[in-house]
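**Q** Below are the structure tokens for one structure; questions will follow.
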Amino acid sequence: MLERIREGSQGPWAIGILALVILSFIFAGVGSYINSSSSVAAASVNGEEISSTELEQAYENERARMESQFGDAFATLASDTTYLQNFKKGILDRLISEKLLDQAAVDLGLRVSDAQIKEAIVGMQEFQVDGKFDNDRYLIILRQAGFQPNNFRDYMRIDMVRRQLSSSLMGSEFALKQEASNAYAIQQQTRDIKFVTVPKASFQEQVEVTPEQIDTYYQSNIDQFDTEQKVSVAYVELKLEDLMADIQVTDDELNEFYEQNLSTYRTEEERQVSHILLESAEADDVVAAQAEELLEKINTGADFAELAKEYSNDTFSAENGGDLGWFGKGIMDPAFEEAAYSLESINDVSAVIKSAFGYHIIKLTDLKPEQVTGFDEVKEDIIAVVKTTKAEDEFYEIQQRLAEVAFEVPDNLDEVAEQAGKPIVTSELFTRNEAPQSLSNPSILNSAFSVELIEDAVNSEVIEVAKNHIVILRVADYEPERTQAIEEVTEQIQQTLFDQAAQQAAKDWAVEVKDLLANNENVDSKLSELQLTWQSQESVARSDTSLSQSIVQALFAVAENQTTVVDLINGDISLVQVTKVNDAPAADDTQLATLINRLASTKAQLLFSAVIESLKADADIEIYQ
């Protein structure tokens, strides 16, 4: 049968059909390339797209910032898919808000001049050395960040226009002195009180809990009695430092490393030059002629620095006579660098050079020759590097062997422990949220609670906890999540209901006392029934920490001579009476000024948020991702 199929596939009809099929795939493929977009939009704001690339870049930047700031705490959150989705949604929402602000700025005709951009860049601390703008540092940092100077200026222009709009909105808000005075009077007001704590324990003998109440509570709150799944894991842990003590290095290895990495210990020649730049992206005979005229003036004795200040389009260096500072090879435009390094002596001036930025005239002002650090000076450093490198190589080899034996012998960790030269450690049972510190890494937890390890009882893959730090584990014991039977929680429910009933009885009693006080009746005999007495405290402020915060919040919600009943965190009840309201002392000018600024800032933030929401309400926003 197979022979007949083979023979049939070689006939003219089969070949023709095959050709048509191939052509259909070719044209379908070409069509898909023609019709596909190079960058899928994540959202559209009034017809302007936010690309997926832009969203992904913003997401990665913000995630890196959060990881740097919060470390493992953020990594734990990031292991939750739902959290990451909401996190990315928040980033997209921010990009939409920024796009709306940019559009609003255009509609309002807001602009930022080149002079303002220059002033802002010169004032950025990132580009300063000893408090002064450094053009060399400026260029290096831009290249490290993936910017060209013109791209960075465009980025700064957008950002500054956006800030101009937000600051104009927020700067329009203000607070009146009377507002601040009123706010100060409310914030600094204090109260004299008397209070009595009614313990729920005083009513425990009056309450009882029936089996029917226990059953009703269990059925109504059954979710409370769901347990979390627990695992106990056996694991083998290996770190690079475990290998370092046994690593030996020879003099030959050290010398070989030094020779192979000689460039590391060599300080390349650096040059300091000044230049005059006449900007022109493309070849331009007129600009080239102007540059030649300037070169002729220099060659006939004109001051290079003065000409740079007057004619150079590189405004940052022009202020310093064209000085670009120190730089090594690989920093500047290739044509510029070749010309700068062809100058042999200090004060030599190049011919007119064309680079990607325009036409340059370059003057060599100083140079630092190449220097090489001797072997003996760096020997200790080399020993550390070579030992670490050898340990890393050995670590990698062991890691590979561990991965193999963990897979080949999946039902125990004995071979893994033997290969690693480390003991098997077994943990107690733990939940995902209460893991021991040594096992709290998100990757470890994801593996320990995975279906594969729990159901198949196999070894995990090699888990990279950190650089040169690995763990291989298996589930030693497992308790699935379940709903506890009522018999298991009867005592717990009984105590809960008992406490609730006692607290309610104490509260009912306190309300009776409150009603008596409202009718101007004496309550001393009532208090003596429970052997309670009033306690007094004067000048209680809103920030008071000597009293329960429940009491503090409640006493500022009632007027003078009024009484309120407060539930305390421990289940007791407090009866609180305000005996006097104390006015705040007059605020001085400094306090008022601080409060005025704070109120204005709060109003400004509320206004800005309201403007963003208004722009969103009026905008045509489509979210594709």
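In the structure tokens, chains take the letters A, B, ... in the order shown, each chain's residues start at 1, and ligands count up from 1 in the order shown.
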Can you tell me which residues surround Phe375 in chain A at a distance of at most 7 Å, considering only C-alpha atoms, apart from same-chain residues fewer than 3 positions away, and format the answer as a compact mmCIF listing (two decimals) with C-alpha atoms, in the first residue's frame?
**A**
```
# COMPACT_ATOMS: atom_id res chain seq x y z
CA TYR A 258 46.39 38.38 33.89
CA VAL A 378 46.37 43.08 41.41
CA LYS A 379 47.42 39.55 42.38
```
**Q** Could you name the residues that touch Lys390 in chain A at 12 Å or less, counting only C-alpha atoms, but leaving out those on the same chain fewer than 3 positions away, as a list in words?
**A** Leu240, Glu241, Leu243, Met244, Ala245, Asp246, Ile247, Gln248, Val249, Thr250, Glu253, Leu254, Phe257, Ile383, Ala384, Val385, Val386, Lys387, Asp393, Glu394, Phe395, Tyr396 and Glu397 of chain A
**Q** Fewer than 5 positions away in the same chain doesn't count, so skip those; otherwise give me all residues within 9 Å of Ser181 in chain A, counting only C-alpha atoms, as a PyMOL selection string.
**A** chain A and resi 176+186+586-587+592+595-596
**Q** For a quick check of understanding, using only C-alpha atoms, which of A:Asn151, A:Gln535, A:Asn459, A:Thr594 has the smallest distance to Ala183 in chain A?
**A**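 Among the listed residues, A:Thr594 lies closest to Ala183 in chain A.
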**Q** Looking at A:Ile486, A:Ile276, A:Ala406, A:Ala283, which one is nearest to Val471 in chain A, with distances taken over only C-alpha atoms?
**A**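 Once distances to Val471 in chain A are computed over only C-alpha atoms, the minimum belongs to A:Ala406.
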**Q** Please determine, counting only C-alpha atoms, which residue among A:Ala502, A:Ser443, A:Leu607, A:Gln495 has the shortest atom-to-atom distance to Ser79 in chain A.
**A**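 Answer, going by the shortest atom-to-atom distance: A:Ser443.
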**Q** Distance CA of Gln562 in chain A-CA of Thr533 in chain A, one decimal place?
**A**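 These two atoms are separated by 18.1 Å.
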